[in-house]
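A.B. asks: Below is the file input.txt, with compact mmCIF, N, CA and C atoms and all ligand atoms.
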```
# COMPACT_ATOMS: atom_id res chain seq x y z
N MET A 1 0.84 -1.19 0.00
CA MET A 1 0.00 0.00 0.00
C MET A 1 0.87 1.24 0.00
N ARG A 2 0.52 2.17 -0.88
CA ARG A 2 1.30 3.40 -0.95
C ARG A 2 0.46 4.57 -0.50
N ILE A 3 1.06 5.43 0.26
CA ILE A 3 0.30 6.57 0.80
C ILE A 3 0.82 7.88 0.23
N VAL A 4 1.75 7.80 -0.72
CA VAL A 4 2.32 9.03 -1.25
C VAL A 4 1.44 9.54 -2.39
N GLN A 5 0.79 10.66 -2.16
CA GLN A 5 -0.10 11.21 -3.17
C GLN A 5 0.11 12.70 -3.33
N TRP A 6 1.28 13.17 -3.03
CA TRP A 6 1.49 14.63 -3.02
C TRP A 6 1.44 15.25 -4.42
N SER A 7 1.54 14.42 -5.47
CA SER A 7 1.59 14.98 -6.81
C SER A 7 0.25 15.58 -7.22
N LYS A 8 -0.84 15.03 -6.72
CA LYS A 8 -2.15 15.57 -7.03
C LYS A 8 -2.52 16.67 -6.04
N VAL A 9 -3.57 17.38 -6.38
CA VAL A 9 -4.07 18.38 -5.44
C VAL A 9 -4.68 17.67 -4.25
N ASP A 10 -4.16 17.96 -3.10
CA ASP A 10 -4.61 17.29 -1.89
C ASP A 10 -5.56 18.21 -1.13
N ALA A 11 -6.84 17.93 -1.23
CA ALA A 11 -7.84 18.80 -0.61
C ALA A 11 -8.23 18.32 0.78
N ARG A 12 -7.54 17.31 1.25
CA ARG A 12 -7.90 16.81 2.57
C ARG A 12 -7.36 17.74 3.65
N TRP A 13 -7.95 17.63 4.80
CA TRP A 13 -7.50 18.44 5.92
C TRP A 13 -6.62 17.62 6.84
N TYR A 14 -5.64 18.31 7.37
CA TYR A 14 -4.71 17.66 8.28
C TYR A 14 -4.69 18.39 9.61
N LEU A 15 -4.45 17.63 10.64
CA LEU A 15 -4.26 18.24 11.95
C LEU A 15 -2.79 18.54 12.14
N GLY A 16 -2.54 19.69 12.71
CA GLY A 16 -1.15 20.05 12.90
C GLY A 16 -0.98 21.11 13.95
N VAL A 17 0.26 21.35 14.30
CA VAL A 17 0.59 22.41 15.24
C VAL A 17 1.63 23.31 14.58
N LEU A 18 1.86 24.44 15.16
CA LEU A 18 2.89 25.33 14.63
C LEU A 18 4.18 25.10 15.40
N CYS A 19 5.26 24.98 14.65
CA CYS A 19 6.57 24.77 15.26
C CYS A 19 6.85 25.89 16.25
N ARG A 20 7.35 25.52 17.41
CA ARG A 20 7.62 26.53 18.45
C ARG A 20 8.83 27.38 18.10
N LYS A 21 9.62 26.92 17.16
CA LYS A 21 10.84 27.66 16.83
C LYS A 21 10.65 28.53 15.60
N CYS A 22 10.16 27.92 14.50
CA CYS A 22 10.04 28.68 13.25
C CYS A 22 8.59 28.92 12.84
N GLU A 23 7.64 28.38 13.61
CA GLU A 23 6.21 28.56 13.37
C GLU A 23 5.72 27.99 12.05
N ALA A 24 6.44 27.05 11.50
CA ALA A 24 5.97 26.34 10.32
C ALA A 24 4.98 25.27 10.76
N PRO A 25 3.96 25.00 9.93
CA PRO A 25 2.99 23.96 10.29
C PRO A 25 3.63 22.58 10.31
N ILE A 26 3.37 21.83 11.36
CA ILE A 26 3.82 20.44 11.44
C ILE A 26 2.57 19.57 11.41
N LEU A 27 2.36 18.89 10.29
CA LEU A 27 1.17 18.06 10.15
C LEU A 27 1.45 16.68 10.71
N PHE A 28 0.54 16.16 11.51
CA PHE A 28 0.80 14.86 12.12
C PHE A 28 -0.33 13.87 11.93
N ALA A 29 -1.49 14.31 11.42
CA ALA A 29 -2.59 13.37 11.26
C ALA A 29 -3.57 13.87 10.22
N LEU A 30 -4.25 12.93 9.60
CA LEU A 30 -5.31 13.26 8.66
C LEU A 30 -6.58 13.54 9.46
N ASP A 31 -7.28 14.60 9.08
CA ASP A 31 -8.51 14.95 9.78
C ASP A 31 -9.68 14.28 9.08
N HIS A 32 -10.15 13.18 9.67
CA HIS A 32 -11.25 12.44 9.05
C HIS A 32 -12.60 13.11 9.24
N SER A 33 -12.64 14.11 10.08
CA SER A 33 -13.92 14.75 10.39
C SER A 33 -14.31 15.77 9.33
N GLU A 34 -13.40 16.04 8.38
CA GLU A 34 -13.68 17.02 7.31
C GLU A 34 -13.97 18.39 7.89
N GLY A 35 -13.39 18.68 9.02
CA GLY A 35 -13.53 20.01 9.58
C GLY A 35 -14.78 20.23 10.40
N GLU A 36 -15.47 19.17 10.75
CA GLU A 36 -16.71 19.34 11.50
C GLU A 36 -16.56 19.08 12.98
N ALA A 37 -15.81 18.07 13.31
CA ALA A 37 -15.65 17.75 14.72
C ALA A 37 -14.39 18.41 15.28
N LYS A 38 -14.29 18.41 16.57
CA LYS A 38 -13.10 18.95 17.19
C LYS A 38 -11.97 17.93 17.05
N PRO A 39 -10.78 18.41 16.86
CA PRO A 39 -9.65 17.49 16.70
C PRO A 39 -9.47 16.62 17.93
N ALA A 40 -9.25 15.36 17.68
CA ALA A 40 -8.98 14.45 18.79
C ALA A 40 -7.59 14.72 19.35
N ARG A 41 -7.47 14.63 20.62
CA ARG A 41 -6.19 14.93 21.23
C ARG A 41 -5.38 13.65 21.44
N ALA A 42 -4.15 13.73 21.07
CA ALA A 42 -3.27 12.59 21.31
C ALA A 42 -2.81 12.62 22.76
N GLU A 43 -2.48 11.48 23.26
CA GLU A 43 -2.04 11.44 24.64
C GLU A 43 -0.66 12.05 24.79
N LYS A 44 0.18 11.75 23.85
CA LYS A 44 1.54 12.29 23.88
C LYS A 44 1.89 12.71 22.47
N LEU A 45 2.25 13.96 22.30
CA LEU A 45 2.47 14.48 20.96
C LEU A 45 3.89 15.02 20.85
N LEU A 46 4.80 14.11 20.52
CA LEU A 46 6.19 14.51 20.33
C LEU A 46 6.43 14.67 18.83
N LEU A 47 6.68 15.88 18.39
CA LEU A 47 6.81 16.13 16.95
C LEU A 47 8.13 16.81 16.63
N THR A 48 8.59 16.51 15.42
CA THR A 48 9.79 17.16 14.92
C THR A 48 9.42 18.02 13.73
N CYS A 49 9.93 19.23 13.68
CA CYS A 49 9.64 20.15 12.59
C CYS A 49 10.07 19.54 11.27
N SER A 50 9.20 19.70 10.25
CA SER A 50 9.49 19.07 8.96
C SER A 50 10.46 19.87 8.12
N ARG A 51 10.74 21.09 8.52
CA ARG A 51 11.68 21.90 7.76
C ARG A 51 13.11 21.49 8.10
N ALA A 52 13.85 21.18 7.06
CA ALA A 52 15.20 20.67 7.26
C ALA A 52 16.08 21.68 7.99
N GLU A 53 15.87 22.96 7.71
CA GLU A 53 16.72 23.97 8.33
C GLU A 53 16.35 24.25 9.77
N CYS A 54 15.23 23.67 10.21
CA CYS A 54 14.83 23.86 11.60
C CYS A 54 15.03 22.57 12.38
N GLY A 55 14.14 21.59 12.12
CA GLY A 55 14.28 20.30 12.78
C GLY A 55 14.06 20.33 14.27
N HIS A 56 13.37 21.36 14.75
CA HIS A 56 13.13 21.49 16.18
C HIS A 56 12.20 20.40 16.67
N LYS A 57 12.57 19.73 17.74
CA LYS A 57 11.75 18.67 18.30
C LYS A 57 11.22 19.11 19.65
N ALA A 58 9.90 18.96 19.83
CA ALA A 58 9.32 19.41 21.08
C ALA A 58 8.06 18.62 21.40
N ASP A 59 7.59 18.79 22.63
CA ASP A 59 6.37 18.13 23.08
C ASP A 59 5.19 19.06 22.84
N TYR A 60 4.31 18.68 21.95
CA TYR A 60 3.18 19.53 21.60
C TYR A 60 1.87 19.00 22.19
N THR A 61 1.98 18.20 23.23
CA THR A 61 0.79 17.61 23.83
C THR A 61 -0.21 18.67 24.26
N THR A 62 0.29 19.77 24.77
CA THR A 62 -0.61 20.82 25.27
C THR A 62 -0.74 21.96 24.27
N ALA A 63 -0.15 21.82 23.10
CA ALA A 63 -0.21 22.90 22.12
C ALA A 63 -1.57 22.91 21.44
N LYS A 64 -1.90 24.05 20.85
CA LYS A 64 -3.17 24.19 20.15
C LYS A 64 -3.08 23.47 18.81
N VAL A 65 -4.03 22.58 18.56
CA VAL A 65 -4.07 21.83 17.30
C VAL A 65 -4.94 22.57 16.30
N SER A 66 -4.40 22.81 15.13
CA SER A 66 -5.14 23.51 14.09
C SER A 66 -5.29 22.61 12.87
N ARG A 67 -6.09 23.06 11.92
CA ARG A 67 -6.27 22.31 10.68
C ARG A 67 -5.51 22.99 9.55
N PHE A 68 -4.94 22.16 8.70
CA PHE A 68 -4.19 22.68 7.57
C PHE A 68 -4.58 21.91 6.32
N GLN A 69 -4.48 22.60 5.20
CA GLN A 69 -4.73 21.96 3.91
C GLN A 69 -3.45 22.06 3.09
N LYS A 70 -3.01 20.94 2.58
CA LYS A 70 -1.74 20.94 1.86
C LYS A 70 -1.81 21.72 0.56
N SER A 71 -3.00 21.79 -0.04
CA SER A 71 -3.11 22.46 -1.32
C SER A 71 -3.00 23.98 -1.18
N SER A 72 -3.27 24.48 0.01
CA SER A 72 -3.13 25.91 0.22
C SER A 72 -1.71 26.22 0.65
N ARG A 73 -1.35 27.47 0.53
CA ARG A 73 -0.01 27.86 0.94
C ARG A 73 0.01 28.08 2.44
N ALA A 74 0.05 26.97 3.15
CA ALA A 74 -0.10 27.03 4.60
C ALA A 74 0.99 27.86 5.26
N GLN A 75 2.18 27.79 4.70
CA GLN A 75 3.28 28.51 5.35
C GLN A 75 3.13 30.01 5.20
N ASN A 76 2.46 30.45 4.14
CA ASN A 76 2.26 31.87 3.97
C ASN A 76 1.06 32.38 4.77
N GLU A 77 0.09 31.51 4.97
CA GLU A 77 -1.11 31.93 5.65
C GLU A 77 -0.99 31.86 7.16
N ALA A 78 -0.06 31.07 7.63
CA ALA A 78 0.11 30.95 9.08
C ALA A 78 0.81 32.20 9.61
N THR A 79 0.12 32.94 10.39
CA THR A 79 0.73 34.16 10.91
C THR A 79 0.93 34.07 12.40
ZN ZN B 101 10.55 24.59 12.92
```
Mind turning the file's structure into C-alpha cells?

C.D. replies:
Amino acid sequence: MRIVQWSKVDARWYLGVLCRKCEAPILFALDHSEGEAKPARAEKLLLTCSRAECGHKADYTTAKVSRFQKSSRAQNEAT
C-alpha cells in the first residue's frame, strides 16, 4: 500500500501544530472529520519540525491543534 499522493491536489484536511521555533505547520494526522468535529487529542504528541533547516523537536501535547490543507499555501497563511 502506498500513501504518497502529493503529486495531485490534496484537498484533505490535516491536523497540525505550529513549530515553536520557526512557526511552520507540522502536520501529524489526517482529519477524518472534514472540519466538522473537534480534533482528537493525542495522549503524547512529540513532533519534529518538517523543515530541514529547523528540525526542532518538542512536546506539543498541550499545544493548540489547528487544521491545515496541503493544497493551500499554509506557510504563507500561518501568521
Ligand atoms: Zn521549525

A.B. asks: Could you tell me how far atom C of Lys44 in chain A lies from atom N of Gln69 in chain A, in Å and to one decimal?

C.D. replies: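 Going from atom C of Lys44 in chain A over to atom N of Gln69 in chain A, I get 20.9 Å.
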
A.B. asks: Within 6 Å of ligand ZN 101 (chain B), counting all atoms listed in the file: which residues, as a PyMOL selection string?

C.D. replies: chain A and resi 19-24+49-51+54-56

A.B. asks: Which neighbours of Ile26 in chain A fall inside 5 Å, counting all atoms listed in the file, when residues of the same chain fewer than 6 positions from it are skipped, and could you give them as a PyMOL selection string?

C.D. replies: chain A and resi 16-19

A.B. asks: In Å, how far is it from CA of Leu45 in chain A to CA of Tyr14 in chain A?

C.D. replies: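 That distance, rounded to one decimal, is 14.9 Å.
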
A.B. asks: So how far away is CA of Lys57 in chain A from CA of Ser33 in chain A, in Å?

C.D. replies: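 One can read the CA of Ser33 in chain A to CA of Lys57 in chain A distance as 27.1 Å.
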
A.B. asks: For each of A:Ala52, A:Leu15, A:Leu30, A:Leu46, take the minimum atom-to-atom distance to Phe68 in chain A, counting only C-alpha atoms, then give the residue where this is smallest.

C.D. replies: A:Leu15

A.B. asks: Please define a box with edges along x, y and z of the file around all atoms of range 50-57 of chain A given in the file, extend it by 4 Å on each side, and return its centre and edge lengths in Å to one decimal, as JSON.

C.D. replies:
```
{"center_x": 13.0, "center_y": 21.5, "center_z": 13.4, "size_x": 15.5, "size_y": 13.6, "size_z": 20.6}
```
